[in-house]
$ cat coords-v8.txt   # compact mmCIF, C-alpha atoms (C1' of nucleotides)
# COMPACT_ATOMS: atom_id res chain seq x y z
CA MET A 1135 90.34 140.24 39.43
CA PHE A 1136 91.23 139.24 42.94
CA SER A 1137 93.68 136.66 44.17
CA PHE A 1138 95.75 135.72 47.16
CA GLU A 1139 98.84 133.50 47.16
CA ILE A 1140 100.89 132.47 50.14
CA GLU A 1141 104.60 132.63 49.36
CA ALA A 1142 106.25 131.55 52.58
CA ARG A 1143 105.35 130.25 56.01
CA ASP A 1144 107.22 130.55 59.25
CA THR A 1145 107.98 127.06 60.47
CA ARG A 1146 107.79 127.94 64.19
CA SER A 1147 104.52 129.91 64.22
CA ARG A 1148 101.43 130.37 62.06
CA ALA A 1149 102.85 133.49 60.40
CA ARG A 1150 102.81 133.60 56.62
CA THR A 1151 103.67 136.06 53.88
CA GLY A 1152 102.06 136.35 50.49
CA ARG A 1153 100.69 138.46 47.67
CA LEU A 1154 97.29 140.04 47.44
CA THR A 1155 96.27 141.05 43.93
CA THR A 1156 93.41 143.40 43.04
CA ALA A 1157 92.51 145.41 39.96
CA HIS A 1158 94.63 148.19 41.46
CA GLY A 1159 97.88 146.38 42.01
CA VAL A 1160 99.67 143.80 44.07
CA VAL A 1161 100.52 144.16 47.74
CA ARG A 1162 102.68 141.93 49.86
CA THR A 1163 101.16 140.60 53.07
CA PRO A 1164 101.00 140.96 56.00
CA VAL A 1165 99.87 144.42 54.97
CA PHE A 1166 98.90 147.52 56.89
CA MET A 1167 96.18 149.74 55.40
CA PRO A 1168 96.34 153.41 56.45
CA VAL A 1169 92.91 154.78 57.31
CA GLY A 1170 91.36 157.31 54.94
CA THR A 1171 87.87 157.67 56.33
CA HIS A 1172 86.74 160.68 54.31
CA ALA A 1173 88.44 159.58 51.07
CA THR A 1174 91.72 161.01 52.33
CA VAL A 1175 94.42 159.84 54.68
CA LYS A 1176 94.33 163.01 56.75
CA SER A 1177 97.04 165.52 55.79
CA LEU A 1178 98.63 163.33 53.09
CA THR A 1179 98.34 163.39 49.30
CA PRO A 1180 98.07 160.20 47.25
CA GLU A 1181 101.56 160.99 46.01
CA ASP A 1182 102.79 160.97 49.64
CA LEU A 1183 101.16 157.60 50.19
CA GLY A 1184 102.77 156.23 47.07
CA THR A 1185 106.18 157.46 48.14
CA LEU A 1186 105.69 155.90 51.55
CA GLY A 1187 104.94 152.62 49.82
CA ALA A 1188 101.30 152.22 50.74
CA GLY A 1189 99.59 149.76 48.40
CA ILE A 1190 96.10 149.75 49.85
CA ILE A 1191 94.14 152.04 52.14
CA LEU A 1192 90.87 151.78 54.04
CA SER A 1193 87.96 154.14 53.54
CA ASN A 1194 84.47 154.22 55.01
CA ALA A 1195 81.18 153.61 53.26
CA TYR A 1196 79.28 155.06 56.21
CA HIS A 1197 81.02 158.43 56.04
CA LEU A 1198 81.00 158.69 52.26
CA TYR A 1199 77.35 157.67 52.10
CA LEU A 1200 76.46 160.55 54.42
CA ARG A 1201 78.85 163.00 52.79
CA PRO A 1202 79.25 163.70 49.92
CA GLY A 1203 76.94 160.78 49.07
CA HIS A 1204 77.98 157.61 47.27
CA GLU A 1205 75.96 158.62 44.18
CA VAL A 1206 78.05 161.76 43.86
CA ILE A 1207 81.24 159.72 43.96
CA ALA A 1208 79.83 157.20 41.49
CA ARG A 1209 78.91 160.00 39.05
CA LEU A 1210 82.47 161.31 39.29
CA GLY A 1211 83.92 157.98 38.24
CA GLY A 1212 84.19 156.09 41.52
CA LEU A 1213 86.26 156.44 44.65
CA HIS A 1214 89.67 155.86 43.04
CA ARG A 1215 89.24 158.65 40.52
CA PHE A 1216 87.42 160.88 43.03
CA MET A 1217 90.35 160.90 45.42
CA GLY A 1218 93.13 160.51 42.87
CA TRP A 1219 94.42 157.18 44.20
CA ASP A 1220 95.11 154.37 41.74
CA ARG A 1221 96.19 151.65 44.16
CA GLY A 1222 94.06 149.44 46.39
CA ILE A 1223 91.08 150.51 48.46
CA LEU A 1224 89.08 148.55 51.00
CA THR A 1225 85.84 150.05 52.25
CA ASP A 1226 84.34 149.29 55.61
CA SER A 1227 80.61 148.72 55.41
CA GLY A 1228 79.49 151.03 58.17
CA GLY A 1229 78.69 148.40 60.77
CA PHE A 1230 81.30 149.69 63.15
CA GLN A 1231 80.48 153.36 62.59
CA ILE A 1232 76.83 152.74 63.37
CA TYR A 1233 78.04 151.14 66.57
CA SER A 1234 80.54 153.82 67.48
CA LEU A 1235 79.19 157.08 66.06
CA SER A 1236 75.44 156.98 65.86
CA PRO A 1237 73.76 158.54 68.90
CA LEU A 1238 70.74 156.38 68.24
CA ARG A 1239 70.63 153.00 66.56
CA LYS A 1240 68.09 150.25 66.46
CA ILE A 1241 68.84 146.87 65.00
CA ASP A 1242 66.14 144.61 63.61
CA PRO A 1243 66.55 141.36 61.66
CA GLN A 1244 66.42 143.18 58.32
CA GLY A 1245 68.80 146.04 59.01
CA VAL A 1246 69.73 148.93 61.24
CA THR A 1247 68.14 152.33 61.81
CA PHE A 1248 70.59 155.02 62.83
CA ARG A 1249 70.94 158.75 63.19
CA SER A 1250 73.66 160.59 61.30
CA HIS A 1251 76.41 161.95 63.55
CA LEU A 1252 76.58 164.93 61.18
CA ASP A 1253 73.04 166.28 61.14
CA GLY A 1254 70.88 163.89 63.15
CA SER A 1255 68.95 162.69 60.10
CA THR A 1256 67.55 159.16 60.26
CA HIS A 1257 68.75 156.42 57.90
CA TYR A 1258 68.05 152.75 57.38
CA PHE A 1259 70.81 150.40 56.27
CA THR A 1260 70.28 146.81 55.12
CA PRO A 1261 72.96 144.32 54.05
CA LYS A 1262 71.81 144.80 50.46
CA HIS A 1263 72.08 148.55 50.82
CA ALA A 1264 75.58 148.27 52.29
CA VAL A 1265 76.70 146.24 49.27
CA GLU A 1266 75.08 148.67 46.82
CA VAL A 1267 76.80 151.64 48.43
CA GLN A 1268 80.18 149.93 48.36
CA GLU A 1269 79.72 148.71 44.80
CA SER A 1270 78.96 152.21 43.64
CA LEU A 1271 82.06 153.50 45.41
CA GLY A 1272 84.06 150.87 43.52
CA ALA A 1273 86.53 149.76 46.21
CA ASP A 1274 88.66 146.70 45.49
CA ILE A 1275 87.59 144.98 48.67
CA ILE A 1276 84.22 145.53 50.31
CA MET A 1277 83.00 144.36 53.70
CA CYS A 1278 79.77 142.74 54.82
CA LEU A 1279 77.47 144.70 57.08
CA ASP A 1280 77.91 143.41 60.63
CA GLU A 1281 76.97 144.19 64.17
CA CYS A 1282 80.03 145.01 66.24
CA THR A 1283 79.06 143.31 69.49
CA PRO A 1284 79.54 145.66 72.44
CA TYR A 1285 81.87 144.71 75.27
CA PRO A 1286 81.04 143.40 77.73
CA ALA A 1287 78.03 141.41 76.53
CA ASP A 1288 76.54 138.20 77.89
CA HIS A 1289 76.70 134.92 76.03
CA GLU A 1290 73.09 134.90 74.85
CA TYR A 1291 73.20 138.45 73.49
CA THR A 1292 76.53 137.76 71.80
CA ARG A 1293 75.22 134.53 70.27
CA ARG A 1294 72.19 136.27 68.76
CA SER A 1295 74.35 139.13 67.56
CA ALA A 1296 76.80 136.78 65.83
CA GLN A 1297 73.90 134.93 64.22
CA LEU A 1298 72.51 138.20 62.89
CA THR A 1299 75.91 139.12 61.47
CA LEU A 1300 76.08 135.71 59.83
CA ARG A 1301 72.64 136.08 58.27
CA TRP A 1302 73.55 139.52 57.02
CA ALA A 1303 76.77 138.10 55.53
CA GLU A 1304 74.66 135.66 53.54
CA GLU A 1305 72.42 138.48 52.36
CA CYS A 1306 75.40 140.61 51.40
CA ARG A 1307 76.79 137.74 49.34
CA ALA A 1308 73.44 137.26 47.62
CA SER A 1309 73.11 140.99 46.93
CA ARG A 1310 76.25 141.30 44.83
CA SER A 1311 75.52 142.50 41.35
CA GLY A 1312 78.34 140.48 39.81
CA GLY A 1313 80.44 141.62 36.93
CA THR A 1314 82.73 143.66 39.17
CA ASP A 1315 86.31 143.11 40.18
CA GLN A 1316 85.43 143.58 43.80
CA ALA A 1317 86.14 141.04 46.51
CA LEU A 1318 83.68 140.63 49.39
CA PHE A 1319 84.95 139.81 52.87
CA GLY A 1320 82.84 138.25 55.63
CA ILE A 1321 83.28 139.27 59.26
CA VAL A 1322 83.64 136.92 62.22
CA GLN A 1323 81.92 138.09 65.40
CA GLY A 1324 81.24 136.21 68.64
CA GLY A 1325 82.41 138.68 71.25
CA MET A 1326 84.80 137.24 73.82
CA TYR A 1327 83.43 133.69 73.75
CA GLU A 1328 85.60 131.01 72.17
CA ASP A 1329 82.68 128.77 71.25
CA LEU A 1330 80.87 131.62 69.49
CA ARG A 1331 84.01 132.76 67.69
CA ARG A 1332 84.54 129.20 66.49
CA GLU A 1333 80.94 128.78 65.33
CA SER A 1334 80.95 132.17 63.62
CA ALA A 1335 84.18 131.45 61.75
CA GLN A 1336 83.06 127.97 60.70
CA ALA A 1337 79.68 129.11 59.43
CA LEU A 1338 81.16 132.05 57.62
CA SER A 1339 83.75 129.82 55.95
CA GLY A 1340 80.94 127.60 54.80
CA LEU A 1341 79.39 130.52 52.93
CA GLY A 1342 82.55 131.16 50.95
CA PHE A 1343 84.08 134.61 50.77
CA GLU A 1344 87.19 135.91 49.05
CA GLY A 1345 88.56 136.88 52.44
CA TYR A 1346 87.68 136.86 56.12
CA ALA A 1347 87.83 139.52 58.79
CA VAL A 1348 87.80 139.20 62.54
CA GLY A 1349 85.75 142.04 63.96
CA GLY A 1350 84.54 143.21 67.34
CA LEU A 1351 88.01 143.46 68.87
CA SER A 1352 89.86 146.33 70.54
CA VAL A 1353 86.64 147.36 72.23
CA GLY A 1354 88.02 147.44 75.76
CA GLU A 1355 88.96 143.81 76.37
CA SER A 1356 92.37 142.72 77.63
CA LYS A 1357 95.20 141.97 75.22
CA ASP A 1358 95.23 138.31 76.16
CA LEU A 1359 91.54 138.02 75.45
CA MET A 1360 91.95 139.73 72.09
CA VAL A 1361 94.82 137.45 71.09
CA SER A 1362 92.87 134.41 72.24
CA MET A 1363 89.84 135.38 70.11
CA VAL A 1364 92.03 135.99 67.05
CA SER A 1365 93.69 132.63 67.56
CA THR A 1366 90.41 130.76 67.88
CA ALA A 1367 88.78 132.41 64.89
CA THR A 1368 91.82 132.04 62.67
CA GLN A 1369 92.04 128.30 63.23
CA GLU A 1370 88.58 127.89 61.71
CA LEU A 1371 89.20 130.05 58.63
CA PRO A 1372 90.42 128.65 55.31
CA GLU A 1373 94.20 128.64 54.92
CA ASP A 1374 94.19 129.91 51.37
CA ARG A 1375 92.18 133.08 51.92
CA PRO A 1376 93.38 136.40 53.36
CA ARG A 1377 92.54 137.10 56.99
CA TYR A 1378 92.02 140.60 58.28
CA VAL A 1379 91.81 141.78 61.88
CA MET A 1380 89.82 144.99 61.85
CA GLY A 1381 90.96 148.06 63.74
CA VAL A 1382 94.14 146.56 65.22
CA GLY A 1383 96.39 147.92 66.48
CA THR A 1384 99.63 148.83 68.19
CA PRO A 1385 102.80 147.45 66.60
CA LEU A 1386 102.89 144.73 69.27
CA ASP A 1387 99.24 143.83 68.66
CA ILE A 1388 99.98 143.45 64.97
CA LEU A 1389 103.03 141.35 65.68
CA ARG A 1390 101.00 138.98 67.83
CA CYS A 1391 98.26 138.69 65.22
CA VAL A 1392 100.74 138.04 62.41
CA GLU A 1393 102.15 135.28 64.55
CA LEU A 1394 98.66 133.74 64.54
CA GLY A 1395 98.36 133.90 60.76
CA ILE A 1396 96.71 137.26 60.10
CA ASP A 1397 97.43 138.97 56.77
CA MET A 1398 95.76 142.37 56.86
CA PHE A 1399 95.36 145.25 59.31
CA ASP A 1400 94.00 148.75 59.56
CA CYS A 1401 94.20 151.11 62.50
CA VAL A 1402 93.79 154.80 63.21
CA LEU A 1403 96.66 154.84 65.71
CA PRO A 1404 99.50 155.98 63.44
CA THR A 1405 97.43 158.77 61.88
CA ARG A 1406 95.39 159.88 64.89
CA ASN A 1407 98.32 159.75 67.27
CA ALA A 1408 100.38 161.72 64.79
CA ARG A 1409 97.84 164.52 65.08
CA ASN A 1410 97.99 164.21 68.85
CA GLY A 1411 101.76 164.48 68.95
CA MET A 1412 102.70 160.84 69.53
CA LEU A 1413 105.37 159.39 67.26
CA PHE A 1414 106.24 155.72 66.90
CA THR A 1415 109.99 155.14 66.88
CA SER A 1416 112.32 152.17 66.74
CA ARG A 1417 112.88 152.57 70.47
CA GLY A 1418 109.31 153.19 71.58
CA ARG A 1419 106.85 156.01 71.72
CA LEU A 1420 107.93 159.63 71.64
CA VAL A 1421 105.54 162.34 72.80
CA ILE A 1422 106.76 165.30 70.79
CA LYS A 1423 105.03 167.93 72.96
CA ASN A 1424 107.14 167.03 76.00
CA ALA A 1425 109.21 169.93 77.32
CA GLN A 1426 112.35 167.81 77.25
CA TYR A 1427 112.51 168.26 73.46
CA GLN A 1428 112.46 172.06 73.51
CA ASP A 1429 116.14 172.33 72.49
CA ASP A 1430 116.61 168.85 71.04
CA PRO A 1431 118.33 168.97 67.60
CA GLU A 1432 117.91 165.23 66.93
CA PRO A 1433 115.29 163.87 64.52
CA PRO A 1434 112.44 161.92 66.16
CA ASP A 1435 114.08 158.59 65.30
CA PRO A 1436 117.77 158.87 64.33
CA GLY A 1437 117.69 155.61 62.38
CA CYS A 1438 114.56 156.49 60.40
CA GLU A 1439 114.75 157.38 56.73
CA CYS A 1440 111.40 159.14 56.39
CA TYR A 1441 111.14 162.69 55.06
CA THR A 1442 110.41 164.08 58.51
CA CYS A 1443 113.40 162.43 60.19
CA ARG A 1444 115.75 163.34 57.34
CA ASN A 1445 114.89 167.02 57.59
CA PHE A 1446 113.56 168.13 60.97
CA SER A 1447 114.47 168.22 64.65
CA ARG A 1448 112.39 167.23 67.64
CA ALA A 1449 112.58 170.87 68.75
CA TYR A 1450 111.01 172.05 65.49
CA LEU A 1451 108.32 169.37 65.50
CA ARG A 1452 107.48 170.25 69.12
CA HIS A 1453 107.16 173.90 68.14
CA LEU A 1454 104.87 173.06 65.22
CA PHE A 1455 102.70 170.87 67.43
CA LEU A 1456 102.33 173.42 70.23
CA SER A 1457 101.56 176.10 67.64
CA LYS A 1458 98.93 173.82 66.10
CA GLU A 1459 100.45 174.33 62.69
CA ILE A 1460 99.04 172.28 59.81
CA LEU A 1461 102.53 171.09 58.95
CA SER A 1462 102.70 169.38 62.35
CA TYR A 1463 99.93 166.96 61.38
CA ARG A 1464 101.51 166.31 58.05
CA LEU A 1465 105.08 165.68 59.18
CA ASN A 1466 103.99 163.54 62.14
CA THR A 1467 101.66 161.50 59.92
CA LEU A 1468 104.35 160.98 57.29
CA HIS A 1469 106.61 159.64 60.00
CA ASN A 1470 104.09 157.34 61.67
CA ILE A 1471 102.85 155.83 58.41
CA HIS A 1472 106.45 155.30 57.36
CA TYR A 1473 107.08 153.59 60.69
CA TYR A 1474 104.11 151.22 60.30
CA LEU A 1475 104.85 150.35 56.66
CA HIS A 1476 108.52 149.82 57.40
CA PHE A 1477 107.58 147.65 60.36
CA MET A 1478 105.38 145.48 58.12
CA ASN A 1479 108.16 145.26 55.58
CA GLU A 1480 110.63 144.00 58.17
CA MET A 1481 108.09 141.48 59.38
CA ARG A 1482 107.50 140.15 55.86
CA ASP A 1483 111.23 139.79 55.32
CA ALA A 1484 111.57 137.97 58.63
CA ILE A 1485 108.84 135.49 57.65
CA GLN A 1486 110.35 135.04 54.21
CA SER A 1487 113.69 134.14 55.74
CA ASN A 1488 112.08 132.00 58.44
CA MET A 1489 113.29 134.32 61.20
CA PHE A 1490 109.97 135.51 62.58
CA PRO A 1491 110.48 134.43 66.22
CA GLU A 1492 113.86 136.16 66.26
CA PHE A 1493 112.29 139.29 64.83
CA LYS A 1494 109.53 139.21 67.43
CA ASN A 1495 111.95 138.86 70.33
CA GLY A 1496 114.17 141.60 68.98
CA PHE A 1497 111.21 143.91 68.60
CA ILE A 1498 109.94 143.29 72.12
CA ASN A 1499 113.40 143.89 73.58
CA ARG A 1500 113.78 147.18 71.71
CA THR A 1501 110.33 148.61 72.33
CA SER A 1502 108.89 147.06 75.45
CA GLU A 1503 106.63 150.01 76.14
CA TYR A 1504 104.46 149.57 73.04
CA GLY A 1505 100.98 148.39 73.80
CA GLY A 1506 102.54 146.34 76.54
CA GLU A 1507 100.74 145.57 79.79
C1' G B 904 92.56 219.09 89.85
C1' U B 905 87.39 216.71 91.13
C1' G B 906 84.37 212.39 91.14
C1' G B 907 83.71 207.15 89.86
C1' G B 908 85.50 202.18 88.50
C1' U B 909 89.17 198.23 88.58
C1' G B 910 93.61 195.74 90.96
C1' U B 911 93.06 187.77 93.13
C1' A B 912 97.50 182.04 89.12
C1' G B 913 101.11 183.32 82.85
C1' C B 914 95.87 185.25 80.63
C1' U B 915 90.38 186.22 81.40
C1' C B 916 87.91 186.43 85.71
C1' A B 917 84.67 184.08 90.19
C1' G B 918 85.03 184.46 95.48
C1' U B 919 78.15 184.34 99.59
C1' U B 920 76.35 187.08 106.32
C1' G B 921 84.40 187.76 107.55
C1' G B 922 85.70 180.93 108.41
C1' C B 923 91.20 175.90 104.55
C1' A B 924 92.36 180.90 97.77
C1' G B 925 88.92 178.90 93.12
C1' A B 926 87.26 178.14 87.65
C1' G B 927 88.20 178.29 82.39
C1' C B 928 92.25 178.81 79.22
C1' A B 929 97.61 178.32 79.17
C1' C B 930 101.56 175.26 80.97
C1' C B 931 103.44 170.09 82.64
C1' G B 932 102.50 164.68 82.48
C1' G B 933 99.38 160.36 80.83
C1' G B 934 95.69 158.21 77.52
C1' U B 935 93.70 157.45 72.43
C1' U B 936 93.01 150.46 68.37
C1' G B 937 87.04 148.85 61.52
C1' U B 938 88.92 158.36 62.89
C1' G B 939 85.63 164.89 63.75
C1' G B 940 92.11 167.58 63.83
C1' C B 941 87.88 165.89 68.68
C1' C B 942 88.02 164.19 73.35
C1' C B 943 89.28 162.02 78.27
C1' C B 944 92.33 161.63 82.94
C1' G B 945 95.88 163.66 86.34
C1' G B 946 99.26 167.69 87.98
C1' U B 947 102.00 172.64 88.86
C1' U B 948 101.23 177.77 89.45
C1' G B 949 99.44 182.93 94.27
C1' U B 950 103.45 188.99 98.50
C1' C B 951 94.74 188.42 96.91
C1' G B 952 98.55 196.09 94.19
C1' U B 953 101.20 198.14 98.86
C1' G B 954 101.27 199.76 104.15
C1' G B 955 98.52 200.16 108.51
C1' G B 956 93.95 199.15 111.56
C1' U B 957 89.48 196.27 113.60
C1' U B 958 88.77 190.93 114.72
C1' C B 959 89.79 184.52 117.65
C1' A B 960 89.89 184.88 112.21
C1' A B 961 90.35 189.77 106.58
C1' G B 962 90.54 188.54 99.36
C1' U B 963 86.02 190.27 102.04
C1' C B 964 85.20 195.56 107.00
C1' C B 965 87.96 200.61 108.11
C1' C B 966 92.12 204.25 106.98
C1' A B 967 96.11 205.65 103.95
C1' U B 968 98.77 205.03 99.60
C1' C B 969 100.24 203.38 94.49
C1' A B 970 98.97 201.80 89.51
C1' C B 971 95.62 201.51 85.54
C1' U B 972 91.10 203.39 83.65
C1' C B 973 86.47 206.37 82.70
C1' A B 974 83.80 210.98 83.17
C1' C B 975 84.03 216.06 84.17
C1' C B 976 87.12 220.50 84.87
$ encode --input "coords-v8.txt" --output "structure tokens"
Amino acid sequence: MFSFEIEARDTRSRARTGRLTTAHGVVRTPVFMPVGTHATVKSLTPEDLGTLGAGIILSNAYHLYLRPGHEVIARLGGLHRFMGWDRGILTDSGGFQIYSLSPLRKIDPQGVTFRSHLDGSTHYFTPKHAVEVQESLGADIIMCLDECTPYPADHEYTRRSAQLTLRWAEECRASRSGGTDQALFGIVQGGMYEDLRRESAQALSGLGFEGYAVGGLSVGESKDLMVSMVSTATQELPEDRPRYVMGVGTPLDILRCVELGIDMFDCVLPTRNARNGMLFTSRGRLVIKNAQYQDDPEPPDPGCECYTCRNFSRAYLRHLFLSKEILSYRLNTLHNIHYYLHFMNEMRDAIQSNMFPEFKNGFINRTSEYGGE
RNA sequence: GUGGGUGUAGCUCAGUUGGCAGAGCACCGGGUUGUGGCCCCGGUUGUCGUGGGUUCAAGUCCCAUCACUCACC
């Protein structure tokens, strides 16, 4: 049970809005998926997420495989029941975590050997294994195992890497047990080379997946390069399938990708930055620890309707942050997730009413400091 | 009262044969893009307990004094 329908297209850009249906509900796109790596969006309850309006979250097969173990979660009825969340879940395969977290990793044509960042134990992951782990977790959308190409990388290395990811995508597709409601997404690689991005997207489309992701971005490249790669890859992907840019990004990054026809996003920024005292507001970023807020009675964002802004002052939130109180993480996270989801909501409405360019210009004028440069 | 120890940044402390007063933490800024709440980058902060002396030059050597502290009376 998985479907995607486009409901409206912006006539002056490639932006579109639609509906993504899984066994755990319908979400409107473009959608932002809060990150819940360890089967929890840090500091929030599923009830909080529901109240905020989150319809789908991202979790990580790599982390849950290492701890508590995907078999444990399967025995307890799957990831949804385990974490008490009855809406959508997408799991990342572990490709990126092996790239970013493992102190030692060795890739061969069949799979990847890596050391756990938790205890140093050695593990071997194949595309088949990645699918098995994600099937046992029971997420609504699962991702192919891929190699996140490092940046910078030369053309030849990147070409081989993208080919490997493509071969693994084929193996992942062949490894599906069937009989599940899960959708499998392929991942476009190709580093920062337009020809490789194009080839990767074309070949992947030829294999046929329920959805397509663009991976290997936000790894240190410039914004223009990132946008250019998203644009190239997207042009080669089927119109009628959801497109997902992994790990992106700032509100401005998301805006630019939506403009290019992207439907799905995940990013740690709203949650991680919340824990580091950075709040997203309608007028730009607000660093709550700054001394200038010591006596400030205003809420973080006076126009915001989130629980945090309706009830607490900048002065109080600064105090909680400097005192490292647990409530600081929670209130800041509630606010930032509300900001992101509200932002997506406004964008969808703008596309629906064919006002996306106006929305984009208005946003940039209000919040020039976001992810600018 | 006698003998010893310690006084250096907001805190805990380094400081060599006398040669530009330092570190960690805190504090103040900045960063964070398919998450360890971590981490990274930059910055501010001084009556070197006080007063004398020796010396070209003293946190450092000498004298006195004050505070805290330990042991013994």
$ residues_around --input "coords-v8.txt" --residues "A926 (chain B)" --least-positions-apart "6" --cutoff "12 Å" --atoms "only C-alpha atoms (C1' of nucleotides)" --output "CSV table (one decimal) with C-alpha atoms (C1' of nucleotides), in the frame of the given file"
chain,number,residue,atom,x,y,z
B,912,A,C1',97.5,182.0,89.1
B,915,U,C1',90.4,186.2,81.4
B,916,C,C1',87.9,186.4,85.7
B,917,A,C1',84.7,184.1,90.2
B,918,G,C1',85.0,184.5,95.5
$ closest_residue --input "coords-v8.txt" --among "B:U963, B:U935, B:U957, B:U972" --to "chain A" --atoms "only C-alpha atoms (C1' of nucleotides)"
B:U935
$ closest_atom_pairs --input "coords-v8.txt" --of "chain B" --to "chain A" --cutoff "9 Å" --atoms "only C-alpha atoms (C1' of nucleotides)" --output "Markdown table"
| residue | atom | partner | partner_atom | distance |
| --- | --- | --- | --- | --- |
| B:C931 | C1' | A:Ala1425 | CA | 7.8 |
| B:G932 | C1' | A:Asn1424 | CA | 8.3 |
| B:U935 | C1' | A:Asn1407 | CA | 7.3 |
| B:U936 | C1' | A:Gly1383 | CA | 4.6 |
| B:G937 | C1' | A:Gly1381 | CA | 4.6 |
| B:U938 | C1' | A:Val1402 | CA | 6.0 |
| B:G940 | C1' | A:Arg1409 | CA | 6.6 |
$ residues_near_point --input "coords-v8.txt" --point "(112.9, 166.5, 70.2)" --cutoff "12 Å" --atoms "only C-alpha atoms (C1' of nucleotides)" --output "JSON, numbers by chain"
{"A": [1411, 1412, 1413, 1420, 1421, 1422, 1423, 1424, 1425, 1426, 1427, 1428, 1429, 1430, 1431, 1432, 1433, 1434, 1435, 1436, 1443, 1446, 1447, 1448, 1449, 1450, 1451, 1452, 1453, 1454, 1455]}
$ atom_distance --input "coords-v8.txt" --atom1 "C1' of C930 (chain B)" --atom2 "CA of Ser1416 (chain A)"
29.2 Å
$ atom_distance --input "coords-v8.txt" --atom1 "CA of Phe1493 (chain A)" --atom2 "CA of Asn1445 (chain A)"
28.8 Å
$ residues_around --input "coords-v8.txt" --residues "Leu1394 (chain A)" --least-positions-apart "6" --cutoff "9 Å" --atoms "all atoms listed in the file" --output "list of chain:residue names"
A:Ser1147, A:Arg1148, A:Ala1149, A:Arg1150, A:Val1361, A:Val1364, A:Ser1365, A:Thr1368, A:Gln1369
$ residues_near_point --input "coords-v8.txt" --point "(91.6, 161.5, 43.2)" --cutoff "12 Å" --atoms "all atoms listed in the file" --output "list in words"
Ala1173, Thr1174, Val1175, Thr1179, Pro1180, Glu1181, Ile1207, Leu1210, Gly1211, Gly1212, Leu1213, His1214, Arg1215, Phe1216, Met1217, Gly1218, Trp1219, Asp1220 and Arg1221 of chain A
$ residues_around --input "coords-v8.txt" --residues "region 1239-1241 of chain A" --least-positions-apart "3" --cutoff "12 Å" --atoms "all atoms listed in the file" --output "PDB file with C-alpha atoms, in the coordinates of the input"
ATOM      1  CA  GLY A1229      78.690 148.400  60.770  1.00  0.00           C
ATOM      2  CA  PHE A1230      81.300 149.690  63.150  1.00  0.00           C
ATOM      3  CA  GLN A1231      80.480 153.360  62.590  1.00  0.00           C
ATOM      4  CA  ILE A1232      76.830 152.740  63.370  1.00  0.00           C
ATOM      5  CA  TYR A1233      78.040 151.140  66.570  1.00  0.00           C
ATOM      6  CA  SER A1234      80.540 153.820  67.480  1.00  0.00           C
ATOM      7  CA  LEU A1235      79.190 157.080  66.060  1.00  0.00           C
ATOM      8  CA  SER A1236      75.440 156.980  65.860  1.00  0.00           C
ATOM      9  CA  GLN A1244      66.420 143.180  58.320  1.00  0.00           C
ATOM     10  CA  GLY A1245      68.800 146.040  59.010  1.00  0.00           C
ATOM     11  CA  VAL A1246      69.730 148.930  61.240  1.00  0.00           C
ATOM     12  CA  THR A1247      68.140 152.330  61.810  1.00  0.00           C
ATOM     13  CA  PHE A1248      70.590 155.020  62.830  1.00  0.00           C
ATOM     14  CA  ARG A1249      70.940 158.750  63.190  1.00  0.00           C
ATOM     15  CA  SER A1250      73.660 160.590  61.300  1.00  0.00           C
ATOM     16  CA  HIS A1251      76.410 161.950  63.550  1.00  0.00           C
ATOM     17  CA  GLY A1254      70.880 163.890  63.150  1.00  0.00           C
ATOM     18  CA  SER A1255      68.950 162.690  60.100  1.00  0.00           C
ATOM     19  CA  THR A1256      67.550 159.160  60.260  1.00  0.00           C
ATOM     20  CA  HIS A1257      68.750 156.420  57.900  1.00  0.00           C
ATOM     21  CA  TYR A1258      68.050 152.750  57.380  1.00  0.00           C
ATOM     22  CA  PHE A1259      70.810 150.400  56.270  1.00  0.00           C
ATOM     23  CA  THR A1260      70.280 146.810  55.120  1.00  0.00           C
ATOM     24  CA  PRO A1261      72.960 144.320  54.050  1.00  0.00           C
ATOM     25  CA  LEU A1279      77.470 144.700  57.080  1.00  0.00           C
ATOM     26  CA  ASP A1280      77.910 143.410  60.630  1.00  0.00           C
ATOM     27  CA  GLU A1281      76.970 144.190  64.170  1.00  0.00           C
ATOM     28  CA  CYS A1282      80.030 145.010  66.240  1.00  0.00           C
ATOM     29  CA  THR A1283      79.060 143.310  69.490  1.00  0.00           C
ATOM     30  CA  ARG A1294      72.190 136.270  68.760  1.00  0.00           C
ATOM     31  CA  SER A1295      74.350 139.130  67.560  1.00  0.00           C
ATOM     32  CA  LEU A1298      72.510 138.200  62.890  1.00  0.00           C
ATOM     33  CA  THR A1299      75.910 139.120  61.470  1.00  0.00           C
ATOM     34  CA  TRP A1302      73.550 139.520  57.020  1.00  0.00           C
TER      35      TRP A1302
END
$ atom_distance --input "coords-v8.txt" --atom1 "CA of Leu1475 (chain A)" --atom2 "C1' of C943 (chain B)"
29.1 Å
$ residues_around --input "coords-v8.txt" --residues "U911 (chain B)" --least-positions-apart "6" --cutoff "10 Å" --atoms "only C-alpha atoms (C1' of nucleotides)" --output "ChimeraX atom specification"
/B:917-918,924-925,949,951,962
$ residues_around --input "coords-v8.txt" --residues "Val1165 (chain A)" --least-positions-apart "5" --cutoff "12 Å" --atoms "all atoms listed in the file" --output "PyMOL selection string"
chain A and resi 1150-1154+1160+1187-1192+1222+1376-1379+1382+1388-1389+1391-1392+1396-1401+1474-1482
